[in-house]
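A.B. asks: Structure incoming, see below.
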Amino acid sequence: MSQSELTREVARRVFASEFNDSTYAFKESDDERAPNYALLPTGDRANRVFVVGTLTETEDVGDDSEYWRGRVVDPTGTFFVYAGQYQPEAASVLRDTEPPEYVSIVGKPRTYETDDGTVNVSLRPESIAVVDDETRDRWVVETAERTLDRIEAFEAWEAEQEAPESGSTAPTNEYAEMARERYDSPVVNYRNDVIQALESLETVAENDDLEATA
């Protein structure tokens, strides 16, 4: 096995709204050990993600053995996290943590198709840790920056494709092209989510200032 195969995939920072829209999963080789990727609507792939939010609810939904579900909320939506016997450390954090708490999670996206054809996206955690509000705020800012980077690369590629003089000289962006083919949601939606997320931090800061002067 090559060194590149031994290296873990970079964990992408992604908001809940985009994560939950990442319903298309794919592999880039026929090797049964090849990593699974979620296609992000902003034009990138993600084998692993890094998220931070408020753990608002936990529940053991297992039948024969413990299988914990957690709801983790960020400024744009909700991540659903599932951990069982194959993720014992993450499961123990969900079991022992009393919501609400800020948590950071590194994990893998997983898709599940319901009987009516709806595809749901959940997170299978590699690790979960309780964190402070500064860590959460920093994650929001960094995730906003990474999301905007993806959007700008997507829009630059799209503009080149639509320019009549581009022809065969237009730059390629494989994942942006896949996203445009697979998803209906325009990337401007995720730019609006970035604005919403950053505005939520400003609101929190203003409330903290009011409390400090009260």
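Residue names in the structure tokens use chain letters A, B, ... in the order shown, residue numbers from 1 in each chain, and ligand numbers from 1 in the order shown.
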Would you pick out the contacts of Arg69 of chain A at 8 Å or less, using only C-alpha atoms, so that residues sharing its chain but fewer than 5 positions from it are not included, and give the list as an NGL selection string?

C.D. replies: :A and (58-61 or 80-83 or 94)

A.B. asks: With a cut-off of 10 Å, could you pull out the residues of segment 169-196 of chain A touching segment 4-25 of chain A and give me the nearest pair of atoms for each, distance in Å to one decimal, using only C-alpha atoms, ordered by chain and ascending number, as JSON lines?

C.D. replies:
```
{"residue": "A:Met178", "atom": "CA", "partner": "A:Tyr24", "partner_atom": "CA", "distance": 9.7}
{"residue": "A:Ala179", "atom": "CA", "partner": "A:Tyr24", "partner_atom": "CA", "distance": 8.9}
{"residue": "A:Arg182", "atom": "CA", "partner": "A:Tyr24", "partner_atom": "CA", "distance": 7.4}
{"residue": "A:Tyr183", "atom": "CA", "partner": "A:Asp21", "partner_atom": "CA", "distance": 8.4}
{"residue": "A:Asp184", "atom": "CA", "partner": "A:Asp21", "partner_atom": "CA", "distance": 9.9}
{"residue": "A:Ser185", "atom": "CA", "partner": "A:Asp21", "partner_atom": "CA", "distance": 8.4}
{"residue": "A:Val187", "atom": "CA", "partner": "A:Glu18", "partner_atom": "CA", "distance": 9.5}
{"residue": "A:Asn189", "atom": "CA", "partner": "A:Glu18", "partner_atom": "CA", "distance": 9.1}
{"residue": "A:Tyr190", "atom": "CA", "partner": "A:Glu18", "partner_atom": "CA", "distance": 6.9}
{"residue": "A:Asp193", "atom": "CA", "partner": "A:Ser17", "partner_atom": "CA", "distance": 7.5}
{"residue": "A:Val194", "atom": "CA", "partner": "A:Phe15", "partner_atom": "CA", "distance": 8.4}
```

A.B. asks: Would you save the residues from that selection as a PDB file, in the first residue's frame, using C-alpha atoms?

C.D. replies:
```
ATOM      1  CA  MET A 178     -20.348  16.874 -10.951  1.00  0.00           C
ATOM      2  CA  ALA A 179     -22.210  19.121  -8.504  1.00  0.00           C
ATOM      3  CA  ARG A 182     -26.220  16.167  -9.650  1.00  0.00           C
ATOM      4  CA  TYR A 183     -27.769  18.997  -7.642  1.00  0.00           C
ATOM      5  CA  ASP A 184     -30.472  21.591  -8.252  1.00  0.00           C
ATOM      6  CA  SER A 185     -29.558  23.912  -5.402  1.00  0.00           C
ATOM      7  CA  VAL A 187     -24.446  27.793  -4.799  1.00  0.00           C
ATOM      8  CA  ASN A 189     -27.852  29.475  -1.260  1.00  0.00           C
ATOM      9  CA  TYR A 190     -24.665  28.491   0.570  1.00  0.00           C
ATOM     10  CA  ASP A 193     -25.879  30.476   4.731  1.00  0.00           C
ATOM     11  CA  VAL A 194     -22.377  31.857   5.292  1.00  0.00           C
TER      12      VAL A 194
END
```

A.B. asks: Among the residues of segment 112-200 of chain A, find those DSSP assigns to alpha helix (DSSP H) from the backbone and print them as a ChimeraX atom specification.

C.D. replies: /A:133-162,174-182,188-200

A.B. asks: Glu101 of chain A: which residues within 10 Å, counting only C-alpha atoms, same-chain residues fewer than 6 positions away excluded, as a PDB file with C-alpha atoms, in the first residue's frame?

C.D. replies:
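Wrote it out as result05.pdb, contents follow:
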```pdb
ATOM      1  CA  GLY A  53     -22.045  22.852  17.061  1.00  0.00           C
ATOM      2  CA  THR A  54     -24.424  22.568  19.993  1.00  0.00           C
ATOM      3  CA  LEU A  55     -25.324  19.045  21.059  1.00  0.00           C
ATOM      4  CA  THR A  56     -29.013  19.590  21.814  1.00  0.00           C
ATOM      5  CA  GLU A  57     -30.298  16.034  22.204  1.00  0.00           C
ATOM      6  CA  VAL A  72     -25.819  18.818  16.711  1.00  0.00           C
ATOM      7  CA  ALA A 129     -15.093  16.209  22.193  1.00  0.00           C
ATOM      8  CA  VAL A 130     -16.808  18.792  24.370  1.00  0.00           C
ATOM      9  CA  VAL A 131     -15.416  22.243  23.525  1.00  0.00           C
ATOM     10  CA  ASP A 132     -15.866  25.859  24.604  1.00  0.00           C
ATOM     11  CA  ASP A 133     -17.691  28.700  22.877  1.00  0.00           C
TER      12      ASP A 133
END
```

A.B. asks: As a list in words, please: the residues near segment 150-157 of chain A (cut-off 7 Å, only C-alpha atoms, same-chain neighbours under 4 positions excluded).

C.D. replies: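 Listed by chain and then number, they are Thr42, Gly43, Arg146, Gln161, Pro171, Asn173, Ala176 and Val187 of chain A.
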
A.B. asks: Keeping N, CA, C and O atoms for every residue in the selection just given, could you write it to a file as an mmCIF file, in the first residue's frame?

C.D. replies:
```
data_model
loop_
_atom_site.group_PDB
_atom_site.id
_atom_site.type_symbol
_atom_site.label_atom_id
_atom_site.label_comp_id
_atom_site.auth_asym_id
_atom_site.auth_seq_id
_atom_site.Cartn_x
_atom_site.Cartn_y
_atom_site.Cartn_z
ATOM 1 N N THR A 42 -21.038 22.696 -3.268
ATOM 2 C CA THR A 42 -20.173 23.817 -3.636
ATOM 3 C C THR A 42 -18.976 23.369 -4.463
ATOM 4 O O THR A 42 -18.100 24.179 -4.762
ATOM 5 N N GLY A 43 -18.932 22.086 -4.867
ATOM 6 C CA GLY A 43 -17.920 21.654 -5.819
ATOM 7 C C GLY A 43 -16.661 21.085 -5.218
ATOM 8 O O GLY A 43 -15.550 21.430 -5.640
ATOM 9 N N ARG A 146 -13.830 28.679 4.299
ATOM 10 C CA ARG A 146 -13.642 27.520 3.412
ATOM 11 C C ARG A 146 -14.821 27.390 2.443
ATOM 12 O O ARG A 146 -14.639 27.051 1.271
ATOM 13 N N GLN A 161 -17.056 28.452 -18.213
ATOM 14 C CA GLN A 161 -17.825 27.546 -19.077
ATOM 15 C C GLN A 161 -18.820 28.310 -19.934
ATOM 16 O O GLN A 161 -19.103 27.927 -21.071
ATOM 17 N N PRO A 171 -10.669 26.245 -17.731
ATOM 18 C CA PRO A 171 -10.121 25.360 -16.708
ATOM 19 C C PRO A 171 -11.135 24.311 -16.285
ATOM 20 O O PRO A 171 -12.337 24.533 -16.346
ATOM 21 N N ASN A 173 -12.860 21.795 -13.482
ATOM 22 C CA ASN A 173 -13.146 21.660 -12.058
ATOM 23 C C ASN A 173 -14.087 20.462 -11.950
ATOM 24 O O ASN A 173 -15.306 20.603 -12.043
ATOM 25 N N ALA A 176 -16.949 20.532 -9.320
ATOM 26 C CA ALA A 176 -17.966 21.548 -9.624
ATOM 27 C C ALA A 176 -18.863 21.052 -10.747
ATOM 28 O O ALA A 176 -20.094 21.219 -10.706
ATOM 29 N N VAL A 187 -25.457 27.572 -5.851
ATOM 30 C CA VAL A 187 -24.446 27.793 -4.799
ATOM 31 C C VAL A 187 -24.683 29.083 -4.037
ATOM 32 O O VAL A 187 -24.181 29.243 -2.926
#
```

A.B. asks: A:Gly84, A:Gly117, A:Pro100, A:Pro75: which is nearest Thr203 of chain A, counting only C-alpha atoms?

C.D. replies: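 Distance minimum relative to Thr203 of chain A lands on A:Pro75.
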
A.B. asks: I'd like the neighbourhood of segment 197-200 of chain A as a ChimeraX atom specification, where a residue qualifies if any of its atoms comes within 10 Å (using only C-alpha atoms), though same-chain residues fewer than 4 positions away should be ignored.

C.D. replies: /A:15,74-76,137,140-141,143-144,191-193,204-206

A.B. asks: I need the strand (DSSP E or B) residues of segment 11-115 of chain A per DSSP on the backbone, written as a PyMOL selection string.

C.D. replies: chain A and resi 11-13+25-26+37-40+44-46+48-60+68-74+77-83+101-113

A.B. asks: Which residues are near Glu126 of chain A? Cut-off 7 Å, only C-alpha atoms, ignore same chain within fewer than 2 positions. Put them as a PyMOL selection string.

C.D. replies: chain A and resi 87+90+106-107+124

A.B. asks: Which residue gives the smallest distance to Ser104 of chain A among A:Glu134, A:Asp116, A:Asp44, A:Glu66, with only C-alpha atoms counted?

C.D. replies: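 So, comparing all the options, the nearest one is A:Glu134.
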